[in-house]
Amino acid sequence: RKAEKIEREQGALVVFIDDLDRCLPEKTVQVLEAVKLFLDKPGCVFVLAADTTLVQKAVIQHYEAAGVKDENISDYINKIFQVRFELPPVPEGDMDTYVKAQAADAAMQQHWKIIAAGAEANPRKVKTSLNDLRLRWAMWQNTGQAGGVSFDTFVRWEVLMGSAPKFRERVYRITDSNAELRLGLVQNAFRWAAGEDGAAASFKDDLND
């Protein structure tokens, strides 16, 4: 609201709400409705951190039974989010520093670029990815499944698997007795990535088998 309406003696009340997009649709709408009650109060400011697209989907899902159309939902969202600021992506140089700071061991730090790419340069996803890699590598070693696999190969494989959930599901659904089928799936994936003719169709067929 206008700054001149704020009483200096009273100051302003600023409420921060984080991760709104992680709430269930019903809870998301409840929070937004509570915020609406204070929008016309001088000196009352709400700062919401959320993915606007996900919030909009949650509102649509909540109100679809009432026959509210998408364009009405957009108006609803715009009235609440009066000023928006999209966080810029983390520059590659800064992401280098960030990943290396989170990865205490030198072996993990060497793979900062592929880890950052797999985590879509998202700081929160980077932390999750690093924790997941540490746990999986420890499990592989403690259970003897690592075999002759190097840590470098392990990291590349796990990042690839994490970036393509459907591919991962298909790979691990193949039994050990069909190792050749698993190898063919991976090879077709690399052919598709290299842009070979017909590789994309073969890869999609492999995923749907």
# chains A, B, ... in the order shown; residues from 1 in each chain; ligands from 1
$ residues_around --residues "Phe85 (chain A)" --least-positions-apart "5" --cutoff "12 Å" --atoms "only C-alpha atoms" --output "list of chain:residue names"
A:Val47, A:Leu48, A:Ala49, A:Ala50, A:Asp51, A:Thr52
$ closest_atom_pairs --of "region 57-160 of chain A" --to "region 13-22 of chain A" --cutoff "12 Å" --atoms "only C-alpha atoms" --output "tab-separated table"
residue	atom	partner	partner_atom	distance
A:Lys57	CA	A:Asp21	CA	9.4
A:Ala58	CA	A:Asp21	CA	8.0
A:Val59	CA	A:Asp21	CA	10.5
A:Arg124	CA	A:Asp19	CA	11.9
$ write_last_selection --atoms "N, CA, C and O atoms" --output "PDB file, in the first residue's frame"
ATOM      1  N   LYS A  57      -2.388 -23.514 -10.472  1.00  0.00           N
ATOM      2  CA  LYS A  57      -2.939 -24.851 -10.684  1.00  0.00           C
ATOM      3  C   LYS A  57      -3.685 -25.337  -9.449  1.00  0.00           C
ATOM      4  O   LYS A  57      -4.739 -25.983  -9.553  1.00  0.00           O
ATOM      5  N   ALA A  58      -3.131 -25.019  -8.274  1.00  0.00           N
ATOM      6  CA  ALA A  58      -3.787 -25.434  -7.035  1.00  0.00           C
ATOM      7  C   ALA A  58      -5.139 -24.747  -6.874  1.00  0.00           C
ATOM      8  O   ALA A  58      -6.124 -25.369  -6.460  1.00  0.00           O
ATOM      9  N   VAL A  59      -5.198 -23.459  -7.218  1.00  0.00           N
ATOM     10  CA  VAL A  59      -6.449 -22.711  -7.109  1.00  0.00           C
ATOM     11  C   VAL A  59      -7.478 -23.248  -8.107  1.00  0.00           C
ATOM     12  O   VAL A  59      -8.657 -23.409  -7.785  1.00  0.00           O
ATOM     13  N   ARG A 124      18.313 -25.541  -3.878  1.00  0.00           N
ATOM     14  CA  ARG A 124      17.666 -26.543  -3.035  1.00  0.00           C
ATOM     15  C   ARG A 124      17.842 -27.939  -3.621  1.00  0.00           C
ATOM     16  O   ARG A 124      18.114 -28.909  -2.903  1.00  0.00           O
TER      17      ARG A 124
END
$ residues_around --residues "Pro89 (chain A)" --least-positions-apart "3" --cutoff "12 Å" --atoms "only C-alpha atoms" --output "PyMOL selection string"
chain A and resi 86+92-95+116+120-123
$ write_last_selection --atoms "C-alpha atoms" --output "short mmCIF file (atom, residue, chain, number, x, y, z; two decimals), in the first residue's frame"
data_model
loop_
_atom_site.label_atom_id
_atom_site.label_comp_id
_atom_site.auth_asym_id
_atom_site.auth_seq_id
_atom_site.Cartn_x
_atom_site.Cartn_y
_atom_site.Cartn_z
CA GLU A 86 11.10 -13.59 -10.62
CA GLU A 92 27.42 -20.55 -13.61
CA GLY A 93 30.38 -19.06 -11.77
CA ASP A 94 28.35 -18.68 -8.59
CA MET A 95 26.92 -22.19 -8.95
CA ALA A 116 24.39 -28.47 -11.07
CA GLU A 120 18.65 -27.49 -12.91
CA ALA A 121 20.96 -25.00 -11.15
CA ASN A 122 18.48 -24.90 -8.27
CA PRO A 123 20.24 -24.47 -4.89
#
$ closest_residue --among "A:Ala146, A:Val159, A:Ile80, A:Leu185" --to "Trp112 (chain A)" --atoms "only C-alpha atoms"
A:Val159
$ residues_around --residues "Ile73 (chain A)" --least-positions-apart "4" --cutoff "12 Å" --atoms "only C-alpha atoms" --output "list in words"
Val29, Thr52, Thr53, Val55, Gln56, Lys57, Ala58, Val59, Ile60, Gln61, His62, Tyr63, Glu64, Ala66, Gly67, Val68, Lys69, Ile77, Asn78, Lys79 and Ile80 of chain A
$ closest_residue --among "A:Gln102, A:Gln109, A:Gln141, A:Ser163" --to "Val126 (chain A)" --atoms "only C-alpha atoms"
A:Gln102
$ residues_around --residues "Ala12 (chain A)" --least-positions-apart "6" --cutoff "9 Å" --atoms "only C-alpha atoms" --output "compact mmCIF listing (two decimals) with C-alpha atoms, in the first residue's frame"
# COMPACT_ATOMS: atom_id res chain seq x y z
CA ILE A 6 1.80 4.04 7.14
CA PRO A 42 -2.40 0.22 5.57
CA GLY A 43 1.00 -0.86 6.81
CA CYS A 44 0.34 -4.56 6.23
CA VAL A 45 2.58 -6.25 3.68
$ residues_around --residues "Asn131 (chain A)" --least-positions-apart "2" --cutoff "12 Å" --atoms "only C-alpha atoms" --output "list in words"
Val99, Gln102, Ala103, Ala104, Met108, Ile115, Arg124, Lys125, Val126, Lys127, Thr128, Ser129, Leu133, Arg134, Leu135, Arg136, Trp137 and Ala138 of chain A
$ write_last_selection --atoms "N, CA and C atoms" --output "PDB file, in the first residue's frame"
ATOM      1  N   VAL A  99      28.128 -25.220  -5.268  1.00  0.00           N
ATOM      2  CA  VAL A  99      28.182 -26.680  -5.225  1.00  0.00           C
ATOM      3  C   VAL A  99      29.432 -27.146  -4.484  1.00  0.00           C
ATOM      4  N   GLN A 102      29.008 -26.867  -0.816  1.00  0.00           N
ATOM      5  CA  GLN A 102      28.117 -27.875  -0.246  1.00  0.00           C
ATOM      6  C   GLN A 102      28.747 -29.265  -0.253  1.00  0.00           C
ATOM      7  N   ALA A 103      29.593 -29.536  -1.239  1.00  0.00           N
ATOM      8  CA  ALA A 103      30.254 -30.835  -1.351  1.00  0.00           C
ATOM      9  C   ALA A 103      31.609 -30.764  -0.660  1.00  0.00           C
ATOM     10  N   ALA A 104      31.682 -31.293   0.542  1.00  0.00           N
ATOM     11  CA  ALA A 104      32.894 -31.160   1.347  1.00  0.00           C
ATOM     12  C   ALA A 104      34.069 -31.938   0.763  1.00  0.00           C
ATOM     13  N   MET A 108      33.664 -35.220  -4.896  1.00  0.00           N
ATOM     14  CA  MET A 108      32.350 -34.725  -5.296  1.00  0.00           C
ATOM     15  C   MET A 108      32.464 -33.345  -5.941  1.00  0.00           C
ATOM     16  N   ILE A 115      26.482 -32.074 -11.607  1.00  0.00           N
ATOM     17  CA  ILE A 115      25.519 -32.064 -10.499  1.00  0.00           C
ATOM     18  C   ILE A 115      24.602 -30.849 -10.605  1.00  0.00           C
ATOM     19  N   ARG A 124      18.313 -25.541  -3.878  1.00  0.00           N
ATOM     20  CA  ARG A 124      17.666 -26.543  -3.035  1.00  0.00           C
ATOM     21  C   ARG A 124      17.842 -27.939  -3.621  1.00  0.00           C
ATOM     22  N   LYS A 125      17.686 -28.052  -4.954  1.00  0.00           N
ATOM     23  CA  LYS A 125      17.845 -29.354  -5.595  1.00  0.00           C
ATOM     24  C   LYS A 125      19.295 -29.819  -5.548  1.00  0.00           C
ATOM     25  N   VAL A 126      20.222 -28.866  -5.571  1.00  0.00           N
ATOM     26  CA  VAL A 126      21.641 -29.227  -5.467  1.00  0.00           C
ATOM     27  C   VAL A 126      21.906 -29.922  -4.137  1.00  0.00           C
ATOM     28  N   LYS A 127      21.397 -29.350  -3.046  1.00  0.00           N
ATOM     29  CA  LYS A 127      21.573 -29.956  -1.730  1.00  0.00           C
ATOM     30  C   LYS A 127      20.985 -31.360  -1.690  1.00  0.00           C
ATOM     31  N   THR A 128      19.765 -31.495  -2.220  1.00  0.00           N
ATOM     32  CA  THR A 128      19.107 -32.795  -2.231  1.00  0.00           C
ATOM     33  C   THR A 128      19.903 -33.804  -3.045  1.00  0.00           C
ATOM     34  N   SER A 129      20.400 -33.373  -4.206  1.00  0.00           N
ATOM     35  CA  SER A 129      21.171 -34.262  -5.079  1.00  0.00           C
ATOM     36  C   SER A 129      22.453 -34.727  -4.401  1.00  0.00           C
ATOM     37  N   LEU A 133      23.363 -38.540  -3.522  1.00  0.00           N
ATOM     38  CA  LEU A 133      24.560 -39.176  -4.071  1.00  0.00           C
ATOM     39  C   LEU A 133      25.426 -39.767  -2.959  1.00  0.00           C
ATOM     40  N   ARG A 134      25.588 -39.033  -1.872  1.00  0.00           N
ATOM     41  CA  ARG A 134      26.393 -39.541  -0.756  1.00  0.00           C
ATOM     42  C   ARG A 134      25.787 -40.821  -0.191  1.00  0.00           C
ATOM     43  N   LEU A 135      24.468 -40.798   0.018  1.00  0.00           N
ATOM     44  CA  LEU A 135      23.795 -41.963   0.593  1.00  0.00           C
ATOM     45  C   LEU A 135      23.875 -43.162  -0.333  1.00  0.00           C
ATOM     46  N   ARG A 136      23.599 -42.958  -1.621  1.00  0.00           N
ATOM     47  CA  ARG A 136      23.605 -44.072  -2.566  1.00  0.00           C
ATOM     48  C   ARG A 136      25.001 -44.673  -2.721  1.00  0.00           C
ATOM     49  N   TRP A 137      26.012 -43.813  -2.759  1.00  0.00           N
ATOM     50  CA  TRP A 137      27.376 -44.322  -2.906  1.00  0.00           C
ATOM     51  C   TRP A 137      27.776 -45.136  -1.673  1.00  0.00           C
ATOM     52  N   ALA A 138      27.393 -44.659  -0.485  1.00  0.00           N
ATOM     53  CA  ALA A 138      27.681 -45.402   0.744  1.00  0.00           C
ATOM     54  C   ALA A 138      26.972 -46.757   0.734  1.00  0.00           C
TER      55      ALA A 138
END
$ select_by_dssp --residues "region 42-136 of chain A" --states "strand (DSSP E or B)" --output "ChimeraX atom specification"
/A:44-49
$ closest_residue --among "A:Ala106, A:Ala119, A:Val149, A:Ala201" --to "Met161 (chain A)" --atoms "only C-alpha atoms"
A:Ala119
$ select_by_dssp --residues "region 7-126 of chain A" --states "alpha helix (DSSP H)" --output "NGL selection string"
:A and (25-36 or 52-63 or 70-80 or 92-102 or 106-109 or 112-118 or 123-126)
$ write_last_selection --atoms "C-alpha atoms" --output "PDB file, in the first residue's frame"
ATOM      1  CA  PRO A  25      -4.742 -27.076  -3.020  1.00  0.00           C
ATOM      2  CA  GLU A  26      -7.184 -26.619  -0.149  1.00  0.00           C
ATOM      3  CA  LYS A  27      -4.504 -25.237   2.171  1.00  0.00           C
ATOM      4  CA  THR A  28      -3.150 -22.976  -0.594  1.00  0.00           C
ATOM      5  CA  VAL A  29      -6.559 -21.373  -1.058  1.00  0.00           C
ATOM      6  CA  GLN A  30      -7.013 -21.013   2.703  1.00  0.00           C
ATOM      7  CA  VAL A  31      -3.748 -19.076   2.949  1.00  0.00           C
ATOM      8  CA  LEU A  32      -4.627 -16.854  -0.019  1.00  0.00           C
ATOM      9  CA  GLU A  33      -8.072 -16.124   1.401  1.00  0.00           C
ATOM     10  CA  ALA A  34      -6.485 -15.156   4.731  1.00  0.00           C
ATOM     11  CA  VAL A  35      -4.070 -12.826   2.914  1.00  0.00           C
ATOM     12  CA  LYS A  36      -6.965 -11.188   1.038  1.00  0.00           C
ATOM     13  CA  THR A  52       3.075 -18.825  -9.374  1.00  0.00           C
ATOM     14  CA  THR A  53       2.198 -21.501 -11.944  1.00  0.00           C
ATOM     15  CA  LEU A  54       1.861 -24.172  -9.268  1.00  0.00           C
ATOM     16  CA  VAL A  55      -0.203 -21.863  -7.070  1.00  0.00           C
ATOM     17  CA  GLN A  56      -2.518 -21.121  -9.995  1.00  0.00           C
ATOM     18  CA  LYS A  57      -2.939 -24.851 -10.684  1.00  0.00           C
ATOM     19  CA  ALA A  58      -3.787 -25.434  -7.035  1.00  0.00           C
ATOM     20  CA  VAL A  59      -6.449 -22.711  -7.109  1.00  0.00           C
ATOM     21  CA  ILE A  60      -7.919 -24.094 -10.344  1.00  0.00           C
ATOM     22  CA  GLN A  61      -8.069 -27.587  -8.871  1.00  0.00           C
ATOM     23  CA  HIS A  62      -9.785 -26.277  -5.747  1.00  0.00           C
ATOM     24  CA  TYR A  63     -12.419 -24.250  -7.594  1.00  0.00           C
ATOM     25  CA  ASP A  70      -9.098 -20.212 -15.906  1.00  0.00           C
ATOM     26  CA  GLU A  71      -9.333 -16.517 -16.808  1.00  0.00           C
ATOM     27  CA  ASN A  72     -11.171 -15.836 -13.566  1.00  0.00           C
ATOM     28  CA  ILE A  73      -8.453 -17.658 -11.680  1.00  0.00           C
ATOM     29  CA  SER A  74      -5.816 -15.432 -13.309  1.00  0.00           C
ATOM     30  CA  ASP A  75      -7.666 -12.345 -12.074  1.00  0.00           C
ATOM     31  CA  TYR A  76      -7.864 -13.886  -8.610  1.00  0.00           C
ATOM     32  CA  ILE A  77      -4.104 -14.503  -8.550  1.00  0.00           C
ATOM     33  CA  ASN A  78      -3.275 -11.035  -9.916  1.00  0.00           C
ATOM     34  CA  LYS A  79      -5.263  -9.321  -7.168  1.00  0.00           C
ATOM     35  CA  ILE A  80      -3.208 -11.055  -4.501  1.00  0.00           C
ATOM     36  CA  GLU A  92      27.421 -20.555 -13.611  1.00  0.00           C
ATOM     37  CA  GLY A  93      30.379 -19.062 -11.771  1.00  0.00           C
ATOM     38  CA  ASP A  94      28.353 -18.682  -8.587  1.00  0.00           C
ATOM     39  CA  MET A  95      26.917 -22.185  -8.948  1.00  0.00           C
ATOM     40  CA  ASP A  96      30.456 -23.526  -9.158  1.00  0.00           C
ATOM     41  CA  THR A  97      31.253 -21.920  -5.809  1.00  0.00           C
ATOM     42  CA  TYR A  98      27.945 -22.992  -4.272  1.00  0.00           C
ATOM     43  CA  VAL A  99      28.182 -26.680  -5.225  1.00  0.00           C
ATOM     44  CA  LYS A 100      31.798 -26.906  -4.109  1.00  0.00           C
ATOM     45  CA  ALA A 101      30.882 -25.312  -0.776  1.00  0.00           C
ATOM     46  CA  GLN A 102      28.117 -27.875  -0.246  1.00  0.00           C
ATOM     47  CA  ALA A 106      37.153 -33.173  -3.271  1.00  0.00           C
ATOM     48  CA  ALA A 107      35.880 -36.144  -5.300  1.00  0.00           C
ATOM     49  CA  MET A 108      32.350 -34.725  -5.296  1.00  0.00           C
ATOM     50  CA  GLN A 109      33.544 -31.173  -5.968  1.00  0.00           C
ATOM     51  CA  TRP A 112      30.033 -29.709  -9.683  1.00  0.00           C
ATOM     52  CA  LYS A 113      29.034 -28.950 -13.275  1.00  0.00           C
ATOM     53  CA  ILE A 114      27.115 -32.183 -13.961  1.00  0.00           C
ATOM     54  CA  ILE A 115      25.519 -32.064 -10.499  1.00  0.00           C
ATOM     55  CA  ALA A 116      24.389 -28.474 -11.072  1.00  0.00           C
ATOM     56  CA  ALA A 117      23.000 -29.392 -14.505  1.00  0.00           C
ATOM     57  CA  GLY A 118      21.101 -32.369 -13.112  1.00  0.00           C
ATOM     58  CA  PRO A 123      20.244 -24.467  -4.892  1.00  0.00           C
ATOM     59  CA  ARG A 124      17.666 -26.543  -3.035  1.00  0.00           C
ATOM     60  CA  LYS A 125      17.845 -29.354  -5.595  1.00  0.00           C
ATOM     61  CA  VAL A 126      21.641 -29.227  -5.467  1.00  0.00           C
TER      62      VAL A 126
END
$ atom_distance --atom1 "CA of Thr153 (chain A)" --atom2 "CA of His111 (chain A)"
10.6 Å
